[in-house]
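Here is entry.txt, consisting of compact mmCIF, C-alpha atoms and all ligand atoms:
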```
# COMPACT_ATOMS: atom_id res chain seq x y z
CA MET A 21 -17.11 59.56 10.69
CA ALA A 22 -16.07 55.96 10.04
CA THR A 23 -19.03 53.60 9.93
CA PHE A 24 -18.87 50.58 12.21
CA THR A 25 -18.94 47.25 10.38
CA SER A 26 -20.07 44.24 12.35
CA PHE A 27 -17.13 42.02 13.28
CA LYS A 28 -19.00 39.07 11.79
CA THR A 29 -19.65 40.58 8.34
CA ARG A 30 -16.70 42.87 7.84
CA ASN A 31 -15.38 41.20 4.68
CA SER A 32 -16.29 38.67 2.02
CA ILE A 33 -14.07 35.89 3.33
CA VAL A 34 -15.56 36.09 6.82
CA LYS A 35 -19.03 36.01 5.20
CA ARG A 36 -18.00 32.98 3.12
CA CYS A 37 -16.96 31.15 6.30
CA ILE A 38 -20.21 31.99 8.06
CA SER A 39 -22.44 30.88 5.18
CA ASP A 40 -20.54 27.71 4.16
CA ASP A 41 -23.02 24.85 3.68
CA GLN A 42 -20.43 22.09 4.06
CA THR A 43 -19.44 23.40 7.49
CA ARG A 44 -23.09 23.89 8.50
CA LEU A 45 -23.89 20.28 7.56
CA ARG A 46 -20.76 18.96 9.29
CA LEU A 47 -21.69 20.72 12.50
CA LYS A 48 -25.32 19.61 12.25
CA TYR A 49 -24.55 15.91 11.84
CA ASN A 50 -21.23 16.07 13.68
CA PRO A 51 -19.65 12.74 12.76
CA TYR A 52 -16.20 14.39 12.56
CA TYR A 53 -13.66 15.79 14.99
CA LEU A 54 -15.10 13.67 17.79
CA PRO A 55 -12.75 13.98 20.78
CA PHE A 56 -12.23 10.67 22.53
CA ASP A 57 -11.72 10.79 26.31
CA ARG A 58 -9.54 7.71 26.48
CA GLN A 59 -7.84 5.03 24.37
CA VAL A 60 -6.58 1.54 25.10
CA GLY A 61 -5.35 -0.53 22.15
CA SER A 62 -8.13 -0.81 19.58
CA HIS A 63 -10.73 0.66 21.97
CA VAL A 64 -11.64 4.32 22.49
CA TRP A 65 -14.10 6.06 24.81
CA LEU A 66 -16.44 8.86 23.71
CA ASP A 67 -18.33 10.67 26.47
CA GLY A 68 -17.56 7.66 28.63
CA LYS A 69 -18.93 5.12 26.13
CA GLU A 70 -16.51 2.40 25.02
CA LEU A 71 -16.18 1.87 21.26
CA ILE A 72 -14.15 -0.47 19.08
CA MET A 73 -11.99 1.68 16.80
CA LEU A 74 -12.58 0.44 13.27
CA SER A 75 -11.14 3.30 11.26
CA SER A 76 -7.65 3.79 12.59
CA ASN A 77 -4.66 3.25 10.31
CA ASP A 78 -2.71 1.54 13.08
CA TYR A 79 -2.68 -1.55 10.86
CA LEU A 80 -0.13 -3.52 12.85
CA GLY A 81 -1.51 -2.34 16.18
CA LEU A 82 1.87 -1.05 17.38
CA SER A 83 0.77 2.31 18.80
CA ASP A 84 0.78 0.97 22.35
CA HIS A 85 3.47 -1.67 21.89
CA PRO A 86 5.69 -1.58 25.01
CA LYS A 87 8.89 -1.13 22.95
CA VAL A 88 7.38 1.81 21.07
CA ILE A 89 6.17 3.51 24.26
CA GLU A 90 9.49 2.97 25.99
CA ALA A 91 11.47 4.39 23.04
CA GLY A 92 9.26 7.50 22.95
CA LYS A 93 9.68 8.14 26.69
CA LYS A 94 13.44 7.69 26.54
CA ALA A 95 13.84 10.07 23.59
CA LEU A 96 11.75 12.72 25.33
CA GLU A 97 13.94 12.47 28.44
CA GLU A 98 17.23 12.50 26.53
CA TRP A 99 16.46 15.05 23.82
CA GLY A 100 13.53 17.14 25.01
CA SER A 101 10.34 17.80 23.15
CA GLY A 102 11.32 19.33 19.81
CA THR A 103 14.04 19.88 17.24
CA THR A 104 13.50 23.68 17.05
CA GLY A 105 14.57 24.06 13.46
CA SER A 106 14.62 22.55 9.99
CA ARG A 107 16.85 19.66 9.03
CA PHE A 108 18.59 22.05 6.65
CA ALA A 109 19.54 24.43 9.47
CA ASN A 110 19.82 23.30 13.10
CA GLY A 111 17.24 20.48 13.36
CA SER A 112 19.20 17.43 12.12
CA ARG A 113 20.06 14.79 14.71
CA TYR A 114 21.83 11.46 14.47
CA PHE A 115 18.54 9.62 15.17
CA HIS A 116 16.94 11.06 11.98
CA GLU A 117 19.82 9.67 9.95
CA LYS A 118 19.63 6.28 11.68
CA LEU A 119 15.90 5.99 10.94
CA GLU A 120 16.46 7.10 7.33
CA SER A 121 19.22 4.60 6.79
CA ASP A 122 17.17 1.74 8.30
CA LEU A 123 14.07 2.69 6.34
CA ALA A 124 16.05 2.92 3.11
CA SER A 125 17.47 -0.57 3.50
CA PHE A 126 14.09 -2.00 4.55
CA LEU A 127 12.57 -0.53 1.39
CA GLY A 128 15.47 -1.66 -0.81
CA LYS A 129 16.50 1.89 -1.67
CA GLU A 130 19.82 3.69 -1.19
CA ALA A 131 18.51 6.67 0.74
CA CYS A 132 15.52 8.09 2.52
CA HIS A 133 14.38 11.41 3.95
CA VAL A 134 11.86 11.74 6.80
CA SER A 135 9.65 14.73 7.59
CA VAL A 136 6.97 15.75 10.09
CA ALA A 137 3.99 14.32 8.21
CA GLY A 138 3.12 11.86 5.49
CA TYR A 139 1.23 14.70 3.85
CA ILE A 140 4.41 16.76 3.68
CA SER A 141 6.55 13.87 2.40
CA CYS A 142 4.07 12.87 -0.28
CA MET A 143 3.63 16.47 -1.38
CA SER A 144 7.38 16.98 -1.61
CA SER A 145 7.89 13.65 -3.44
CA ILE A 146 6.26 15.37 -6.41
CA GLU A 147 6.88 19.07 -5.89
CA SER A 148 10.64 18.63 -5.44
CA PHE A 149 11.09 16.86 -8.77
CA ALA A 150 8.53 17.92 -11.39
CA ARG A 151 8.54 21.39 -12.90
CA LYS A 152 6.92 23.56 -15.56
CA GLY A 153 7.23 21.93 -18.97
CA ASP A 154 7.01 18.37 -17.57
CA LEU A 155 3.93 16.17 -17.83
CA ILE A 156 2.45 14.55 -14.71
CA ILE A 157 0.23 11.53 -15.33
CA VAL A 158 -1.83 10.61 -12.30
CA ASP A 159 -4.46 8.06 -11.25
CA ARG A 160 -7.53 10.22 -10.69
CA ASN A 161 -8.21 8.76 -7.22
CA VAL A 162 -4.92 9.63 -5.51
CA HIS A 163 -4.67 11.27 -2.09
CA SER A 164 -4.97 15.00 -1.42
CA SER A 165 -1.27 15.29 -0.48
CA LEU A 166 -0.27 14.23 -4.00
CA TRP A 167 -2.67 16.72 -5.61
CA ALA A 168 -1.20 19.42 -3.37
CA GLY A 169 2.30 18.57 -4.63
CA ILE A 170 1.12 18.46 -8.25
CA ALA A 171 -0.55 21.86 -7.95
CA ASN A 172 2.73 23.49 -6.90
CA THR A 173 4.80 22.21 -9.83
CA GLY A 174 3.29 24.16 -12.75
CA ALA A 175 3.62 20.94 -14.78
CA ARG A 176 1.01 19.89 -17.32
CA LEU A 177 -1.41 17.32 -15.91
CA GLU A 178 -3.20 14.31 -17.37
CA ARG A 179 -5.46 12.10 -15.24
CA PHE A 180 -6.16 8.48 -16.08
CA GLY A 181 -9.03 6.29 -14.87
CA HIS A 182 -8.55 4.75 -11.42
CA ASN A 183 -6.42 1.61 -11.68
CA ASN A 184 -7.20 1.53 -15.40
CA ILE A 185 -4.29 0.49 -17.58
CA GLU A 186 -6.23 1.08 -20.84
CA SER A 187 -6.88 4.65 -19.79
CA LEU A 188 -3.17 5.12 -19.02
CA LYS A 189 -2.27 3.73 -22.46
CA GLU A 190 -4.71 6.18 -24.05
CA VAL A 191 -3.04 9.12 -22.29
CA LEU A 192 0.43 7.95 -23.33
CA GLY A 193 -0.77 7.42 -26.91
CA GLN A 194 -1.34 11.19 -27.18
CA GLU A 195 2.17 12.10 -25.99
CA SER A 196 5.63 11.86 -27.47
CA PRO A 197 7.89 9.36 -25.66
CA GLU A 198 10.63 11.97 -25.19
CA ILE A 199 8.61 14.42 -23.06
CA THR A 200 9.76 14.47 -19.42
CA LYS A 201 7.05 12.60 -17.52
CA MET A 202 6.16 11.66 -13.97
CA LEU A 203 3.68 8.87 -13.12
CA VAL A 204 1.93 9.24 -9.75
CA VAL A 205 -0.01 6.39 -8.10
CA GLU A 206 -0.75 5.00 -4.65
CA GLY A 207 0.53 1.51 -3.87
CA VAL A 208 -2.60 0.74 -1.86
CA PHE A 209 -5.38 3.27 -2.35
CA SER A 210 -6.42 4.72 0.99
CA MET A 211 -10.18 4.81 0.45
CA GLU A 212 -10.65 1.85 -1.87
CA GLY A 213 -8.14 -0.63 -0.47
CA HIS A 214 -7.15 -1.42 -4.09
CA ILE A 215 -3.61 -2.45 -4.96
CA ALA A 216 -2.14 -0.57 -7.92
CA ASN A 217 -1.09 -2.94 -10.68
CA LEU A 218 2.49 -1.72 -10.77
CA PRO A 219 3.92 -4.40 -13.13
CA ASP A 220 1.39 -3.46 -15.83
CA TYR A 221 2.11 0.24 -15.40
CA LEU A 222 5.83 -0.36 -15.58
CA THR A 223 5.50 -2.33 -18.81
CA VAL A 224 3.42 0.39 -20.43
CA ILE A 225 5.65 3.21 -19.22
CA GLN A 226 8.92 1.63 -20.39
CA ASN A 227 10.92 3.88 -22.76
CA GLN A 228 8.58 6.77 -21.98
CA ASN A 229 11.12 8.98 -20.14
CA CYS A 230 9.00 8.59 -17.01
CA PHE A 231 9.91 9.11 -13.33
CA ILE A 232 7.72 6.95 -11.11
CA VAL A 233 6.35 7.99 -7.72
CA VAL A 234 4.43 5.53 -5.53
CA ASP A 235 2.71 6.78 -2.37
CA ASP A 236 2.69 3.63 -0.24
CA ALA A 237 1.18 5.07 2.95
CA HIS A 238 -1.25 2.12 3.12
CA GLY A 239 0.97 -0.58 1.64
CA PHE A 240 3.93 -0.07 3.95
CA GLY A 241 3.80 -2.55 6.83
CA VAL A 242 0.96 -4.40 5.10
CA LEU A 243 2.20 -5.87 1.81
CA GLY A 244 5.47 -7.47 0.71
CA LYS A 245 8.12 -9.41 2.62
CA GLN A 246 7.96 -8.39 6.31
CA GLY A 247 5.67 -5.51 5.23
CA ARG A 248 8.17 -3.79 2.92
CA GLY A 249 5.28 -2.49 0.86
CA THR A 250 3.60 -2.71 -2.51
CA VAL A 251 6.74 -2.19 -4.56
CA ASP A 252 8.42 -5.14 -2.82
CA TYR A 253 5.20 -7.19 -3.10
CA PHE A 254 5.48 -6.96 -6.89
CA GLY A 255 9.29 -7.26 -6.91
CA VAL A 256 9.70 -3.97 -8.82
CA THR A 257 11.78 -1.93 -6.35
CA ASP A 258 14.49 -1.15 -8.91
CA GLN A 259 11.99 0.23 -11.41
CA VAL A 260 10.27 2.71 -9.09
CA ASP A 261 12.15 6.00 -8.61
CA VAL A 262 10.49 7.19 -5.42
CA ILE A 263 8.56 5.47 -2.66
CA ALA A 264 6.80 7.97 -0.40
CA GLY A 265 4.76 7.14 2.66
CA SER A 266 3.52 7.91 6.11
CA MET A 267 4.76 6.89 9.54
CA SER A 268 1.33 7.51 11.11
CA LYS A 269 -0.09 4.17 9.99
CA SER A 270 1.82 0.89 10.36
CA MET A 271 4.70 2.75 12.02
CA ALA A 272 2.43 3.95 14.83
CA SER A 273 4.00 7.41 15.03
CA THR A 274 3.63 10.57 12.98
CA GLY A 275 5.78 11.75 10.09
CA GLY A 276 6.49 10.67 6.56
CA PHE A 277 9.28 9.46 4.31
CA VAL A 278 10.55 9.63 0.75
CA ALA A 279 12.95 6.90 -0.38
CA GLY A 280 14.99 6.61 -3.58
CA SER A 281 18.54 6.65 -4.92
CA THR A 282 21.15 8.77 -3.12
CA GLU A 283 21.14 11.35 -5.92
CA ILE A 284 17.35 11.69 -5.88
CA ILE A 285 17.15 12.12 -2.11
CA GLU A 286 20.02 14.61 -2.02
CA TYR A 287 18.25 16.58 -4.77
CA LEU A 288 15.09 16.57 -2.62
CA ARG A 289 17.09 17.86 0.36
CA THR A 290 18.23 20.79 -1.77
CA HIS A 291 14.88 21.60 -3.39
CA SER A 292 12.06 20.50 -1.07
CA LYS A 293 10.50 23.62 0.47
CA GLN A 294 8.76 21.37 3.00
CA THR A 295 12.19 20.20 4.17
CA VAL A 296 14.19 23.41 4.01
CA PHE A 297 11.54 25.63 5.62
CA SER A 298 9.84 23.34 8.14
CA ALA A 299 11.09 22.01 11.50
CA ALA A 300 12.47 18.49 11.73
CA LEU A 301 10.58 15.50 13.13
CA SER A 302 10.53 15.51 16.95
CA PRO A 303 12.81 13.17 18.96
CA CYS A 304 9.85 11.33 20.46
CA GLN A 305 8.08 10.69 17.15
CA THR A 306 11.33 9.63 15.48
CA ALA A 307 12.07 7.20 18.31
CA CYS A 308 8.55 5.72 18.17
CA ALA A 309 8.85 5.24 14.39
CA GLN A 310 12.31 3.66 14.81
CA ALA A 311 11.02 1.27 17.49
CA ALA A 312 8.01 0.36 15.35
CA LEU A 313 10.29 -0.36 12.37
CA ASP A 314 12.43 -2.62 14.57
CA VAL A 315 9.30 -4.42 15.81
CA ILE A 316 8.07 -4.84 12.22
CA LYS A 317 11.37 -6.59 11.39
CA GLU A 318 11.63 -8.65 14.58
CA GLU A 319 8.03 -9.68 15.32
CA PRO A 320 6.35 -11.12 12.20
CA GLU A 321 3.28 -12.17 14.20
CA HIS A 322 1.68 -8.72 13.88
CA LEU A 323 1.62 -8.92 10.07
CA GLN A 324 0.31 -12.49 10.23
CA HIS A 325 -2.44 -11.43 12.64
CA LEU A 326 -3.35 -8.43 10.45
CA TRP A 327 -3.96 -10.67 7.44
CA ASP A 328 -5.86 -13.30 9.45
CA ASN A 329 -8.13 -10.49 10.71
CA THR A 330 -8.47 -8.97 7.23
CA ARG A 331 -9.56 -12.25 5.66
CA TYR A 332 -12.09 -12.88 8.45
CA TYR A 333 -13.44 -9.32 8.21
CA HIS A 334 -13.80 -9.25 4.41
CA LYS A 335 -15.68 -12.55 4.46
CA LEU A 336 -17.97 -11.26 7.20
CA LEU A 337 -18.87 -8.14 5.17
CA LEU A 338 -19.28 -10.01 1.89
CA ASP A 339 -21.52 -12.63 3.56
CA LEU A 340 -23.79 -9.75 4.65
CA GLY A 341 -24.01 -8.61 1.02
CA LEU A 342 -22.11 -5.39 1.68
CA ASP A 343 -20.16 -3.73 -1.13
CA ILE A 344 -16.47 -3.50 -0.19
CA TRP A 345 -15.45 -2.14 -3.64
CA GLU A 346 -13.27 -5.21 -4.15
CA SER A 347 -10.84 -4.11 -1.45
CA LYS A 348 -7.92 -6.51 -1.24
CA THR A 349 -6.30 -5.00 1.85
CA PRO A 350 -7.07 -4.02 5.47
CA ALA A 351 -8.29 -0.58 4.26
CA THR A 352 -11.88 -1.59 3.65
CA PRO A 353 -14.64 0.67 2.36
CA ILE A 354 -18.32 -0.10 2.74
CA VAL A 355 -19.85 1.65 -0.25
CA LEU A 356 -23.35 2.93 0.45
CA GLY A 357 -23.76 5.40 -2.42
CA LYS A 358 -25.99 7.94 -0.69
CA ILE A 359 -25.07 10.26 2.16
CA GLU A 360 -28.32 9.39 4.01
CA SER A 361 -27.49 5.65 3.89
CA ALA A 362 -23.92 6.29 4.99
CA TYR A 363 -25.08 8.41 7.89
CA TYR A 364 -27.68 5.80 8.91
CA PHE A 365 -25.12 3.00 8.73
CA TRP A 366 -22.54 4.99 10.69
CA LYS A 367 -25.07 5.78 13.43
CA LYS A 368 -26.19 2.17 13.74
CA LEU A 369 -22.57 1.05 14.13
CA MET A 370 -22.07 3.71 16.80
CA GLN A 371 -25.13 2.45 18.65
CA LYS A 372 -23.52 -0.98 18.72
CA GLY A 373 -20.20 0.40 19.92
CA VAL A 374 -18.18 0.47 16.68
CA PHE A 375 -16.49 3.65 15.47
CA THR A 376 -16.01 4.28 11.72
CA ASN A 377 -15.82 7.30 9.40
CA ILE A 378 -18.24 8.59 6.76
CA ILE A 379 -16.41 9.61 3.60
CA PRO A 380 -18.40 12.07 1.49
CA PRO A 381 -17.34 13.81 -1.77
CA PRO A 382 -14.90 15.19 -2.80
CA ALA A 383 -12.78 12.48 -1.11
CA VAL A 384 -14.81 9.98 -3.21
CA SER A 385 -17.13 10.46 -6.18
CA PRO A 386 -20.82 11.09 -5.24
CA ASN A 387 -21.95 7.57 -6.25
CA LYS A 388 -19.25 6.04 -4.05
CA ILE A 389 -20.08 7.67 -0.71
CA LEU A 390 -18.79 5.19 1.82
CA ILE A 391 -17.98 4.25 5.36
CA ARG A 392 -14.23 3.84 5.67
CA THR A 393 -13.11 1.04 7.90
CA ALA A 394 -9.68 -0.41 8.54
CA ILE A 395 -8.89 -3.61 10.29
CA SER A 396 -5.91 -3.88 12.63
CA ALA A 397 -3.75 -6.66 14.00
CA ARG A 398 -4.81 -5.25 17.38
CA HIS A 399 -8.46 -6.32 16.96
CA SER A 400 -9.11 -9.35 19.14
CA LYS A 401 -11.37 -12.27 18.28
CA GLU A 402 -13.96 -10.76 20.61
CA ASP A 403 -13.68 -7.39 18.80
CA LEU A 404 -14.26 -9.12 15.47
CA GLU A 405 -17.34 -10.90 16.79
CA LYS A 406 -18.78 -7.62 18.10
CA ILE A 407 -17.97 -5.90 14.79
CA GLY A 408 -19.82 -8.74 13.00
CA GLU A 409 -22.93 -8.24 15.17
CA ALA A 410 -22.84 -4.47 14.64
CA MET A 411 -22.50 -4.87 10.86
CA LYS A 412 -25.46 -7.26 10.79
CA PHE A 413 -27.54 -4.78 12.80
CA ALA A 414 -26.61 -1.83 10.53
CA ALA A 415 -27.05 -3.76 7.27
CA LYS A 416 -30.54 -4.97 8.27
CA GLY A 417 -32.03 -1.48 8.07
CA LEU A 418 -30.57 -0.44 4.71
N1 LIG B 501 -0.92 9.51 1.53
C1 LIG B 501 -2.01 8.76 1.71
C2 LIG B 501 -2.39 7.79 0.66
C3 LIG B 501 -2.75 8.88 2.89
O1 LIG B 501 -3.86 8.13 3.07
C4 LIG B 501 -2.34 9.80 3.88
C5 LIG B 501 -3.10 9.97 5.20
N2 LIG B 501 -4.32 9.48 5.31
C6 LIG B 501 -1.21 10.55 3.65
C7 LIG B 501 -0.52 10.39 2.47
C8 LIG B 501 -0.74 11.56 4.67
O2 LIG B 501 -0.19 10.94 5.76
P1 LIG B 501 -0.14 11.60 7.22
O3 LIG B 501 -1.46 11.37 7.85
O4 LIG B 501 0.97 10.90 7.88
O5 LIG B 501 0.13 13.06 7.03
```
Please re-express this file's structure in structure tokens.
Amino acid sequence: MATFTSFKTRNSIVKRCISDDQTRLRLKYNPYYLPFDRQVGSHVWLDGKELIMLSSNDYLGLSDHPKVIEAGKKALEEWGSGTTGSRFANGSRYFHEKLESDLASFLGKEACHVSVAGYISCMSSIESFARKGDLIIVDRNVHSSLWAGIANTGARLERFGHNNIESLKEVLGQESPEITKMLVVEGVFSMEGHIANLPDYLTVIQNQNCFIVVDDAHGFGVLGKQGRGTVDYFGVTDQVDVIAGSMSKSMASTGGFVAGSTEIIEYLRTHSKQTVFSAALSPCQTACAQAALDVIKEEPEHLQHLWDNTRYYHKLLLDLGLDIWESKTPATPIVLGKIESAYYFWKKLMQKGVFTNIIPPPAVSPNKILIRTAISARHSKEDLEKIGEAMKFAAKGL
């Protein structure tokens, strides 16, 4: 007679899920997956309590811009909810190509390809191009999406110290210049707010047979002329092979993009599994991204406001003696070092009506446990004053 195994312990993977400490701790302290009941601009409501959102990536504050909302509604009415297939097969629409062409010229590249998520685009910006036998050289602090792409290539991997040109030189010193290489960095690092020193990298990497990928999810809309990104900020557009990014941040939608020369993007369209085997970006999200891109070009005041707010906010935190890890951008960490301190700080901010995120390892190294905050053009003067009071209150008890 077959013996009955409890549903909850019937195999090792189910047991692993049940006994996972990270999940147990997450559920105990519960600072994640909090479902807001309502949202208006930079404010959200949790169980009826109003909070200032200080960890959204809506840097330019366009997610409730009237032109963006109107474009999304219109696309939904005209095209329906989905694309029901991959770009490769039946999912391509004229509006994808329009957005791609506009994004490409904004970024100073010949071509661009959009997909359903920044994660997917960033992953495919590596996976589509590097292969076994190549060498990938990567800043050790890059985003999970880039690691996911790297893992699928079978290429050899060398990490260099975060934003550390000497460490990059050391890696290159061990390699022959002829080997096929790919350099992977973020333009603006998502957790640290650091700007990658692209001109230095480009000097060092010259004549090294190296393809260069920059994930500019947090630089797009924020740095460079009109917000064209980190590569434009440094004036090195022609020297970077691929700019990848997300449309869920400054573009106030969802989705991602990869931009480069026509040949590179057509190669991606042939080889990217994420493109060939995954459904195309929805009409509504494409329309919202397109409207946001138009607003970025036509209304410079959002970028101006973002930087005014960023300068005010950084000064406020530094005056309180808080460690912002030398962030130079709106993505602003508050490094607290220990999980207990981060949790305390997070809770105090919540008490004062300010919502942030605790970032534990492995997203950052254990000595850099931090609260991730991001300032937006949408924060009003009154929001900034309340954020200042909350920060003072939280910092007092550290
Ligand atoms: N790259 C970086 C640097 C990111 O920070 C993120 C998202 N936080 C992504 C890629 C993925 O973007 P998305 O959320 O649009 O999938």
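Proximity ranking of A:Ser106, A:Ser125, A:Asn50, A:Ser270 relative to ligand LIG 501 (chain B) places A:Ser270 first, based on only C-alpha atoms and all ligand atoms.
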Item to complete: Compile the contact shell of Phe56 (chain A) as a ChimeraX atom specification: residues with an atom at most 12 Å away, counting only C-alpha atoms, same-chain residues fewer than 5 positions apart removed.
Response: /A:63-73,375
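Distance annotation: of A:Val374, A:Gly239, A:Arg107, A:Asn387, the residue with the minimal separation from Met411 (chain A) is A:Val374; atom set is only C-alpha atoms.
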Discussion item. Any residue with an atom at most 10 Å from ligand LIG 501 (chain B) counts, using only C-alpha atoms and all ligand atoms. Which are they? Put them as a PyMOL selection string.
Written reply: chain A and resi 76-77+135-143+161-166+205-211+234-239+264-269+271-277+351
Item to complete: Name the closest residue to Ala171 (chain A) among the candidates A:Lys152, A:Lys245, A:Arg58, A:His214; distances are taken between atoms, counting all atoms listed in the file.
Response: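 Using all atoms listed in the file, Ala171 (chain A) sits closest to A:Lys152.
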Discussion item. What's the separation between CA of Ser148 (chain A) and CA of His291 (chain A), in Å to one decimal place?
Written reply: 5.6 Å
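Checking A:Glu402, A:Leu418, A:His322, A:Leu369 one by one against Gly357 (chain A), counting all atoms listed in the file, you find the shortest gap at A:Leu418.
Near Leu243 (chain A), within 10 Å and counting only C-alpha atoms, sit Gly207, Val208, Ile215, Asp236, Gly249, Thr250, Val251, Asp252, Tyr253, Phe254, Leu323, Trp327 and Thr349 of chain A, not including residues fewer than 6 positions from it in the same chain.
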Any chance you can output those residues with C-alpha atoms as a short mmCIF file (atom, residue, chain, number, x, y, z; two decimals), in the frame of the given file?
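Writing the result to part.cif gives the following:
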```cif
data_model
loop_
_atom_site.label_atom_id
_atom_site.label_comp_id
_atom_site.auth_asym_id
_atom_site.auth_seq_id
_atom_site.Cartn_x
_atom_site.Cartn_y
_atom_site.Cartn_z
CA GLY A 207 0.53 1.51 -3.87
CA VAL A 208 -2.60 0.74 -1.86
CA ILE A 215 -3.61 -2.45 -4.96
CA ASP A 236 2.69 3.63 -0.24
CA GLY A 249 5.28 -2.49 0.86
CA THR A 250 3.60 -2.71 -2.51
CA VAL A 251 6.74 -2.19 -4.56
CA ASP A 252 8.42 -5.14 -2.82
CA TYR A 253 5.20 -7.19 -3.10
CA PHE A 254 5.48 -6.96 -6.89
CA LEU A 323 1.62 -8.92 10.07
CA TRP A 327 -3.96 -10.67 7.44
CA THR A 349 -6.30 -5.00 1.85
#
```
Fill in: Nearest candidate to Glu409 (chain A) (options A:Gln324, A:Ser32, A:Gln371, A:Asn184; using only C-alpha atoms)
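Of A:Gln324, A:Ser32, A:Gln371, A:Asn184, the one nearest Glu409 (chain A), counting only C-alpha atoms, is A:Gln371.
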Worksheet item: Which polymer residues, protein or nucleic acid, are no farther than 7 Å from (15.3, 12.2, -21.0), counting only C-alpha atoms, as a list of chain:residue names?
Response: A:Glu198, A:Thr200, A:Asn229
Would you place a box with edges along x, y and z of the file around all atoms of region 285-299 of chain A listed there, add 3 Å to each of its six sides, and report the centre and edge lengths in Å to one decimal, as lines of an AutoDock Vina configuration file?
```
center_x = 14.4
center_y = 18.9
center_z = 3.4
size_x = 17.3
size_y = 19.5
size_z = 22.3
```
Item to complete: Please provide as a list in words all residues within 9 Å of Gly174 (chain A), with the sequence filter that same-chain residues fewer than 2 positions apart are discarded (counting all atoms listed in the file).
Response: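 The filter keeps Ala150, Arg151, Lys152, Gly153, Asp154, Ile170, Ala171, Asn172, Arg176 and Leu177 of chain A.
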Can you write out as CSV which residues of region 301-400 of chain A fall within 8 Å of region 93-99 of chain A, alongside each residue's closest atom pair and its distance in Å to one decimal, counting only C-alpha atoms and ordering rows by chain and ascending residue number?
```
residue,atom,partner,partner_atom,distance
A:Pro303,CA,A:Ala95,CA,5.7
A:Cys304,CA,A:Ala95,CA,5.2
A:Ala307,CA,A:Ala95,CA,6.3
```
Worksheet item: Leaving out Leu356 (chain A) and any residue of its chain fewer than 2 positions from it, which residues lie within 9 Å of it when counting all atoms listed in the file, given as a list in words?
Response: Leu342, Asp343, Ile354, Lys358, Ile359, Glu360, Ser361, Ala362, Phe365, Asn387, Lys388, Ile389, Leu390 and Ile391 of chain A
Could you save the residues just selected, with C-alpha atoms, as a PDB file, keeping the file's coordinate frame?
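Final output, saved to selection-v4.pdb:
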```
ATOM      1  CA  LEU A 342     -22.110  -5.390   1.680  1.00  0.00           C
ATOM      2  CA  ASP A 343     -20.160  -3.730  -1.130  1.00  0.00           C
ATOM      3  CA  ILE A 354     -18.320  -0.100   2.740  1.00  0.00           C
ATOM      4  CA  LYS A 358     -25.990   7.940  -0.690  1.00  0.00           C
ATOM      5  CA  ILE A 359     -25.070  10.260   2.160  1.00  0.00           C
ATOM      6  CA  GLU A 360     -28.320   9.390   4.010  1.00  0.00           C
ATOM      7  CA  SER A 361     -27.490   5.650   3.890  1.00  0.00           C
ATOM      8  CA  ALA A 362     -23.920   6.290   4.990  1.00  0.00           C
ATOM      9  CA  PHE A 365     -25.120   3.000   8.730  1.00  0.00           C
ATOM     10  CA  ASN A 387     -21.950   7.570  -6.250  1.00  0.00           C
ATOM     11  CA  LYS A 388     -19.250   6.040  -4.050  1.00  0.00           C
ATOM     12  CA  ILE A 389     -20.080   7.670  -0.710  1.00  0.00           C
ATOM     13  CA  LEU A 390     -18.790   5.190   1.820  1.00  0.00           C
ATOM     14  CA  ILE A 391     -17.980   4.250   5.360  1.00  0.00           C
TER      15      ILE A 391
END
```
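For the pair CA of Leu288 (chain A) and CA of Gly169 (chain A), the separation is 13.1 Å.
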Discussion item. Just the number, please: distance in Å from CA of Trp366 (chain A) to CA of His325 (chain A), one decimal.
Written reply: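 Pair CA of Trp366 (chain A) / CA of His325 (chain A) returns 26.0 Å.
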Worksheet entry | Asp84 (chain A) environment, 9 Å, all atoms listed in the file, sequence neighbours closer than 2 positions dropped, as number ranges by chain | A: 60-61, 81-82, 86-89, 272
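In this comparison, which uses only C-alpha atoms, the residue of A:Lys317, A:Arg179, A:Lys335, A:Arg289 approaching Gly408 (chain A) most closely is A:Lys335.
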Complete the atoms of region 224-230 of chain A to N, CA and C atoms and put them out as an mmCIF file, in the coordinates of the input.
```cif
data_model
loop_
_atom_site.group_PDB
_atom_site.id
_atom_site.type_symbol
_atom_site.label_atom_id
_atom_site.label_comp_id
_atom_site.auth_asym_id
_atom_site.auth_seq_id
_atom_site.Cartn_x
_atom_site.Cartn_y
_atom_site.Cartn_z
ATOM 1 N N VAL A 224 3.957 -0.610 -19.514
ATOM 2 C CA VAL A 224 3.420 0.390 -20.430
ATOM 3 C C VAL A 224 4.306 1.646 -20.486
ATOM 4 N N ILE A 225 4.922 1.956 -19.360
ATOM 5 C CA ILE A 225 5.650 3.210 -19.220
ATOM 6 C C ILE A 225 7.117 3.106 -19.651
ATOM 7 N N GLN A 226 7.529 1.857 -19.947
ATOM 8 C CA GLN A 226 8.920 1.630 -20.390
ATOM 9 C C GLN A 226 9.268 2.514 -21.584
ATOM 10 N N ASN A 227 10.459 3.034 -21.638
ATOM 11 C CA ASN A 227 10.920 3.880 -22.760
ATOM 12 C C ASN A 227 10.072 5.138 -22.944
ATOM 13 N N GLN A 228 9.436 5.586 -21.875
ATOM 14 C CA GLN A 228 8.580 6.770 -21.980
ATOM 15 C C GLN A 228 9.179 7.952 -21.219
ATOM 16 N N ASN A 229 10.459 7.871 -20.843
ATOM 17 C CA ASN A 229 11.120 8.980 -20.140
ATOM 18 C C ASN A 229 10.320 9.384 -18.902
ATOM 19 N N CYS A 230 9.946 8.359 -18.112
ATOM 20 C CA CYS A 230 9.000 8.590 -17.010
ATOM 21 C C CYS A 230 9.597 8.285 -15.634
#
```
